[in-house]
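J.: Below are the structure tokens for one structure; questions will follow.
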Amino acid sequence: MSARLAFLLPVLLINLALPPSLSYTTAHSPADVLRASNDRIHRFTMDNGIIGLVKEDRSAPVTAIQIWFGTGSIHEDEYLGAGLSHYVEHMIFKGTPTRTPGDISRELDAAGGRVNAYTSVDRTVFHVVLPSANWEVGLDVLSDAVMNATFPEDEWEREKTVILQEMAMGRDDPRRELSKLLWNTAFRVHPYQHPIIGYEEVFLQTTREDLLGFFRRHYTPDNMIFAIAGDVNPRDVEKKVREAFAPFARRARPPVIIPAEPPQLAPRTARKTGVYEVSRASWAWHSVPLHHPDAAALDVLAAIVGGGQSARLVLEIRDRQQLVHDISAWSYTPGEPGLFGISASFDPEKEADVLSAVQEEMARWHDVPFTEEEIAKARRQVMVGTLVDLQTMRGQVHNVASGEFYAGDPRFSERYLRWIDQVTPDALQDVLRRYLREENQTTALLTPETAVIDEEEEAEEPLIREPVRLTLENGIPLIVREDRRLPLTYVTVAFLGGQLSEQEENQGISQFMADLLTRGTETRTARDIAEQLESLGTGLAPFSGQHSFGLQGMSLTEDLDQLLEVMADCLLNSTFPEEEITRQRARQLADIRAQRERPFTQADEMVREILYPNHPYRWTPVGNEVSITRLTREELVAHLEHHLRAGNMAVSVFGNISPEEAREKAGAAFADIPAGDAPRSILAIGPRELPIRAVKREPRQQTIYLMAFPGVDLKDERLEALDILQNALSGLSSELGMEVREKRGLVYFVGAFQRTGLDPGRFVLYAGTFEEAVDELEELMIREIERIVTEGLSDDELARAQEQIVGEFYATLQDNAALSQLSALNELYGLGYDHTFLREERIRRVTGEDVRQAAKSILDHDQRVISIVYPSKANQAEDDEE
């Protein structure tokens with residue numbers, strides 16, 4: 001994917017069952033919508049070289065600000081491989097002459113803002129999203145940070161530890177390891193070969209003075225773009241931006257000379273083995289930079305061969321031959337020549353077959369030319385993808401900033417659509433011959449270790465052991481999974497609660513309370529907690545959902561005592577400071593308002609109101625504006641005290657620790673948890689009037705269609721069969737997807753999901769469509785349900801769904817954070833601590849008849865809810881005027 005397409009074409013790299021945030025208009029083509037949207041861009045240039053971009057959008061009281069610097073990991077000169085640009089990202093908010101690190105975060109939090117930053121190969125970006133009424137706060141804080149960052153000595157030392165921990169975590173991520181291996185092998189001269197975060201040994205050699213010098217040399221106004229989108233006045237913004245950055249004087253900035261990568265003359269292969277559950281491979285070919293005429297053809301090629309569920313690689317190698325768990329194609333063409341690639345994951349024993357199948361499939365692309373229909377489908381995907389960014393202010397500001405950065409044109413997305421429209425079958429054959437040549441190919445493999453043990457030698461101790469359940473002295477269940485691969489430990493402390501413990505008048509209190517657990521105790525402020533944990537490179541975060549809440553943390557095993565002590569302090573001694581309550585209230589109210597922007601959420605809300613009368617499932621975890629506005633500190637304290645009971649709690653410790661050590665440390669940390677249970681009020685679901693159809697219109701540009709049915713609870717014996725049914729109904733390679741998308745073009749995305757819980761949930765078929773197609777879509781959905789209920793899934797459908805679910809399960813086995821949380825929650829819910837680890841067995845046991853019977857019992861015509869959100873007529877009229 002090209003660098004410009006990082007903001008334009010997520011649809012080309014992910015499952016084409018597009019997310020609910022997708023937007024489309026039936027009144028105009030995507031190109032018309034994009035042009036109309038871009039007409040609101042205002043561009044200006046300051047004397048010091050800063051380029052300013054303002055995009056006015058009054059659709060929501062939200063503003064997004066981004067500051068882009070044209071400095072990334074490839075520009076680090078004599079520090080190449082040190083990751084200094086990434087270090088700048090970490091340090092930029094660590095203080096100025098007038099603000100401490102705590103001041104920066106507090107000011108933005110108080111303004112309802114969410115601030116962050118990221119680094120890439122060629123840029124560093126600082127960004128914030130906040131209410132429009134407070135956009136000047138965002139400007140003030142960001143401008144102060146980028147002009148006046150001081151990089152304090154103590155913060156520099158602290159962040160060094162954090163980055164070292166981030167490096168260690170990256171080594172625990174197979175996808176990152178594969179990416180590093182691929183780029184390091186494909187590039188021998190160009191700095192693309194080095195990871196953005198750098199190498200630990202080079203990183204440790206740099207000093208604070210190195211970092212300050214690098215920052216002053218490269219983070220200059222003539223290397224900067226300021227972009228803002230939202231409910232703002234462009235002229236006011238320009239005036240304020242000019243005033244804010246007037247002191248930012250130009251500095252001499254020597255050019256960075258990037259060495260060109262010489263032509264690759266022979267195929268290259270690299271392999272890395274480790275403690276992995278599945279094998280992964282990437283194939284890549286050197287391609288072109290952004291400005292090359294072949295860039296658009298390579299993007300279309302990636303879409304056709306590996307951009308979705310109906311792509312050639314997916315249909316042939318994943319679905320027909322069933323050799324891989326997933327496979328995709330991508331094209332990365334930033335300002336420097338990039339790569340075209342294919343990536344896949346598969347079972348280790350299938351490696352030879354996968355490598356052979358990929359080469360054979362590529363050979364067929366030369367023999368079976370791409371058709372106009374395939375190219376038209378790719379164009380359609382691109383057009384739909386362009387609209388994704390128009391849904392949020394963050395997406396819009398990223399769109400215009402990316403266009404300016406990579407093409408010198410904030411409206412570049414319009415030009416890109418024209419390039420795509422000019423791609424022909426002959427152009428695709430040309431790029432195949434020119435770039436996907438044998439001598440230009442690099443193959444990177446990440447595979448499990450396959451060491452052979454001499455039968456006469458004693459086998460080594462396993463690095464990973466099966467989880468075990470212990471009990472602390474106060475009765476709290478403790479689940480431990482010993483994993484000696486890395487010196488890391490993950491902890492989950494979970495409590496029954498969540499939405500099911502709430503009432504109409506206090507809905508959202510669980511989320512509110514959980515988020516405040518780390519915001520202050522009797523002996524620590526929120527800043528104290530953050531600084532102690534960050535100095536160790538340790539993470540701690542609250543969570544809350546329908547049935548539970550709690551804390552989840554990660555640390556080096558040597559720091560586990562400190563992590564556990566802080567977690568216990570947050571649970572036993574939280575003070576819920578009034579100033580933190582005020583900030584959390586603002587954040588949660590903003591989340592509630594943001595939900596109203598999403599038509600999919602609106603459609604699902606109508607379903608929940610109908611399916612769950614008098615029951616908490618009809619609410620969302622964040623509550624509503626009335627309840628959140630009224631919540632008091634006393635109510636938050638009482639809510640925590642009610643649930644903080646040993647009989648209502650489970651703890652899991654996964655990582656580099658023995659069960660005995662874990663019991664000793666957890667027992668000491670949580671010894672003071674009060675005894676007893678926290679019984680929840682049993683609220684029966686009220687009487688329903690089904691079937692029913694609910695329809696509304698919203699000022700959006702897409703139609704969302706949901707067909708929902710009352711579902712099952714977590715302990716229902718039909719659960720796995722319905723998981724398979726959900727999988728078989730989802731994606732564009734499903735029978736339903738092929739019919740409504742590929743053959744008839746009625747939808748942009750289609751699929752199914754089920755929500756289960758301690759009480760019965762729901763099973764939902766969904767689609768993003770347009771108003772004129774709803775009747776035909778509904779008829780085809782009903783026809784597909786009737787087929788499954790009467791005939792069942794085919795053997796291929798059943799096998800494909802099972803393999804996909806099992807493949808996802810295998811991937812989960814590598815994620816101790818997720819496994820720790822799942823095990824604690826499953827123990828709380830009465831499923832057993834090892835429930836997740838037995839998922840493959842349960843899925844494999846399901847038969848086609850099991851699925852048919854489950855479908856018959858759930859997909860009952862007389863029990864369905866049809867929920868539709870149409871675009872408002874006023875919105876369509878407004879589009880016509882544009």
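Residue names in the structure tokens use chain letters A, B, ... in the order shown, residue numbers from 1 in each chain, and ligand numbers from 1 in the order shown.
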Go through range 198-310 of chain A residue by residue and, counting only C-alpha atoms, keep those with an atom at most 12 Å from range 327-341 of chain A; for each kept residue give the shortest atom pair and its distance in Å to one decimal, ordered by chain and increasing number, as JSON lines.

T.:
```
{"residue": "A:Ile257", "atom": "CA", "partner": "A:Glu336", "partner_atom": "CA", "distance": 12.0}
{"residue": "A:Ile258", "atom": "CA", "partner": "A:Glu336", "partner_atom": "CA", "distance": 9.0}
{"residue": "A:Pro259", "atom": "CA", "partner": "A:Glu336", "partner_atom": "CA", "distance": 10.3}
{"residue": "A:Ala260", "atom": "CA", "partner": "A:Glu336", "partner_atom": "CA", "distance": 8.7}
{"residue": "A:Glu261", "atom": "CA", "partner": "A:Pro337", "partner_atom": "CA", "distance": 8.5}
{"residue": "A:Pro262", "atom": "CA", "partner": "A:Pro337", "partner_atom": "CA", "distance": 11.0}
{"residue": "A:Pro263", "atom": "CA", "partner": "A:Pro337", "partner_atom": "CA", "distance": 11.3}
{"residue": "A:Arg280", "atom": "CA", "partner": "A:Ile327", "partner_atom": "CA", "distance": 9.8}
{"residue": "A:Ala281", "atom": "CA", "partner": "A:Ile327", "partner_atom": "CA", "distance": 9.5}
{"residue": "A:Ser282", "atom": "CA", "partner": "A:Gly341", "partner_atom": "CA", "distance": 6.8}
{"residue": "A:Trp283", "atom": "CA", "partner": "A:Gly341", "partner_atom": "CA", "distance": 5.4}
{"residue": "A:Ala284", "atom": "CA", "partner": "A:Gly341", "partner_atom": "CA", "distance": 4.1}
{"residue": "A:Trp285", "atom": "CA", "partner": "A:Phe340", "partner_atom": "CA", "distance": 5.3}
{"residue": "A:His286", "atom": "CA", "partner": "A:Leu339", "partner_atom": "CA", "distance": 4.7}
{"residue": "A:Ser287", "atom": "CA", "partner": "A:Leu339", "partner_atom": "CA", "distance": 5.0}
{"residue": "A:Val288", "atom": "CA", "partner": "A:Pro337", "partner_atom": "CA", "distance": 4.2}
{"residue": "A:Pro289", "atom": "CA", "partner": "A:Pro337", "partner_atom": "CA", "distance": 3.9}
{"residue": "A:Leu290", "atom": "CA", "partner": "A:Pro334", "partner_atom": "CA", "distance": 5.1}
{"residue": "A:His291", "atom": "CA", "partner": "A:Gly335", "partner_atom": "CA", "distance": 7.4}
{"residue": "A:His292", "atom": "CA", "partner": "A:Pro337", "partner_atom": "CA", "distance": 9.0}
{"residue": "A:Pro293", "atom": "CA", "partner": "A:Thr333", "partner_atom": "CA", "distance": 11.4}
{"residue": "A:Asp294", "atom": "CA", "partner": "A:Thr333", "partner_atom": "CA", "distance": 10.0}
{"residue": "A:Ala295", "atom": "CA", "partner": "A:Thr333", "partner_atom": "CA", "distance": 6.9}
{"residue": "A:Ala296", "atom": "CA", "partner": "A:Ser331", "partner_atom": "CA", "distance": 9.5}
{"residue": "A:Ala297", "atom": "CA", "partner": "A:Ser331", "partner_atom": "CA", "distance": 9.8}
{"residue": "A:Leu298", "atom": "CA", "partner": "A:Ser331", "partner_atom": "CA", "distance": 6.3}
{"residue": "A:Asp299", "atom": "CA", "partner": "A:Ser331", "partner_atom": "CA", "distance": 5.7}
{"residue": "A:Val300", "atom": "CA", "partner": "A:Ser331", "partner_atom": "CA", "distance": 9.0}
{"residue": "A:Leu301", "atom": "CA", "partner": "A:Ala329", "partner_atom": "CA", "distance": 8.5}
{"residue": "A:Ala302", "atom": "CA", "partner": "A:Ala329", "partner_atom": "CA", "distance": 5.1}
{"residue": "A:Ala303", "atom": "CA", "partner": "A:Ala329", "partner_atom": "CA", "distance": 7.2}
{"residue": "A:Ile304", "atom": "CA", "partner": "A:Ala329", "partner_atom": "CA", "distance": 8.7}
{"residue": "A:Val305", "atom": "CA", "partner": "A:Ala329", "partner_atom": "CA", "distance": 6.6}
{"residue": "A:Gly306", "atom": "CA", "partner": "A:Ala329", "partner_atom": "CA", "distance": 4.3}
{"residue": "A:Gly307", "atom": "CA", "partner": "A:Ser328", "partner_atom": "CA", "distance": 6.0}
{"residue": "A:Gly308", "atom": "CA", "partner": "A:Ser328", "partner_atom": "CA", "distance": 7.4}
{"residue": "A:Gln309", "atom": "CA", "partner": "A:Ser328", "partner_atom": "CA", "distance": 9.2}
{"residue": "A:Ser310", "atom": "CA", "partner": "A:Ser328", "partner_atom": "CA", "distance": 11.0}
```

J.: Name the residues in contact with Thr523 in chain A at a cut-off of 9 Å, using only C-alpha atoms, excluding same-chain residues fewer than 3 positions from it; report them as a PyMOL selection string.

T.: chain A and resi 520+528+569+573

J.: Step one, run DSSP on the backbone; step two, keep only residues of range 666-777 of chain A assigned to alpha helix (DSSP H); then write them as a list in words.

T.: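 DSSP-assigned alpha helix (DSSP H) residues in range 666-777 of chain A: Ala666, Gly667, Ala668, Ala669, Leu719, Glu720, Ala721, Leu722, Asp723, Ile724, Leu725, Gln726, Asn727, Ala728, Glu735, Leu736, Gly737, Val774, Asp775, Glu776 and Leu777 of chain A.
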
J.: Could you build a table of the residues in range 559-676 of chain A lying no more than 12 Å from range 831-840 of chain A, giving for each the nearest pair of atoms and their separation in Å rounded to one decimal place, using only C-alpha atoms, ordered by chain and ascending residue number, as a Markdown table?

T.:
```
| residue | atom | partner | partner_atom | distance |
| --- | --- | --- | --- | --- |
| A:Ala650 | CA | A:Tyr833 | CA | 9.7 |
| A:Val651 | CA | A:Tyr833 | CA | 10.4 |
| A:Ser652 | CA | A:Tyr833 | CA | 9.2 |
| A:Val653 | CA | A:Tyr833 | CA | 11.9 |
```

J.: Please save N, CA, C and O atoms of the selected residues as a short mmCIF file (atom, residue, chain, number, x, y, z; two decimals), in the first residue's frame.

T.:
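Result saved to part_26.cif:
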```cif
data_model
loop_
_atom_site.label_atom_id
_atom_site.label_comp_id
_atom_site.auth_asym_id
_atom_site.auth_seq_id
_atom_site.Cartn_x
_atom_site.Cartn_y
_atom_site.Cartn_z
N ALA A 650 -11.87 -12.72 40.54
CA ALA A 650 -10.92 -13.73 40.06
C ALA A 650 -9.66 -13.01 39.63
O ALA A 650 -9.70 -11.89 39.12
N VAL A 651 -8.52 -13.68 39.84
CA VAL A 651 -7.22 -13.12 39.46
C VAL A 651 -6.52 -14.11 38.55
O VAL A 651 -6.58 -15.33 38.78
N SER A 652 -5.87 -13.60 37.50
CA SER A 652 -5.05 -14.46 36.64
C SER A 652 -3.68 -13.84 36.48
O SER A 652 -3.55 -12.62 36.36
N VAL A 653 -2.65 -14.68 36.50
CA VAL A 653 -1.27 -14.25 36.33
C VAL A 653 -0.65 -15.15 35.26
O VAL A 653 -0.48 -16.35 35.48
#
```

J.: Might you pull out every residue within 9 Å of Val354 in chain A, with only C-alpha atoms counted and same-chain residues fewer than 2 positions away left off, and present them as a list in words?

T.: Ile317, Leu323, Val324, Ala344, Phe346, Lys350, Glu351, Ala352, Ser356, Ala357, Val358 and Gln359 of chain A

J.: Just C-alpha atoms for this one: save the residues we selected as a short mmCIF file (atom, residue, chain, number, x, y, z; two decimals), in the first residue's frame.

T.:
```
data_model
loop_
_atom_site.label_atom_id
_atom_site.label_comp_id
_atom_site.auth_asym_id
_atom_site.auth_seq_id
_atom_site.Cartn_x
_atom_site.Cartn_y
_atom_site.Cartn_z
CA ILE A 317 -5.25 -20.80 -1.51
CA LEU A 323 -3.69 -24.21 3.00
CA VAL A 324 -3.59 -20.94 4.95
CA ALA A 344 0.08 -15.33 4.83
CA PHE A 346 -0.49 -21.22 8.01
CA LYS A 350 1.84 -26.99 5.25
CA GLU A 351 4.81 -24.74 4.51
CA ALA A 352 6.03 -26.51 1.36
CA SER A 356 4.40 -23.92 -4.03
CA ALA A 357 0.77 -22.79 -4.22
CA VAL A 358 1.67 -19.10 -4.10
CA GLN A 359 4.16 -19.45 -6.95
#
```
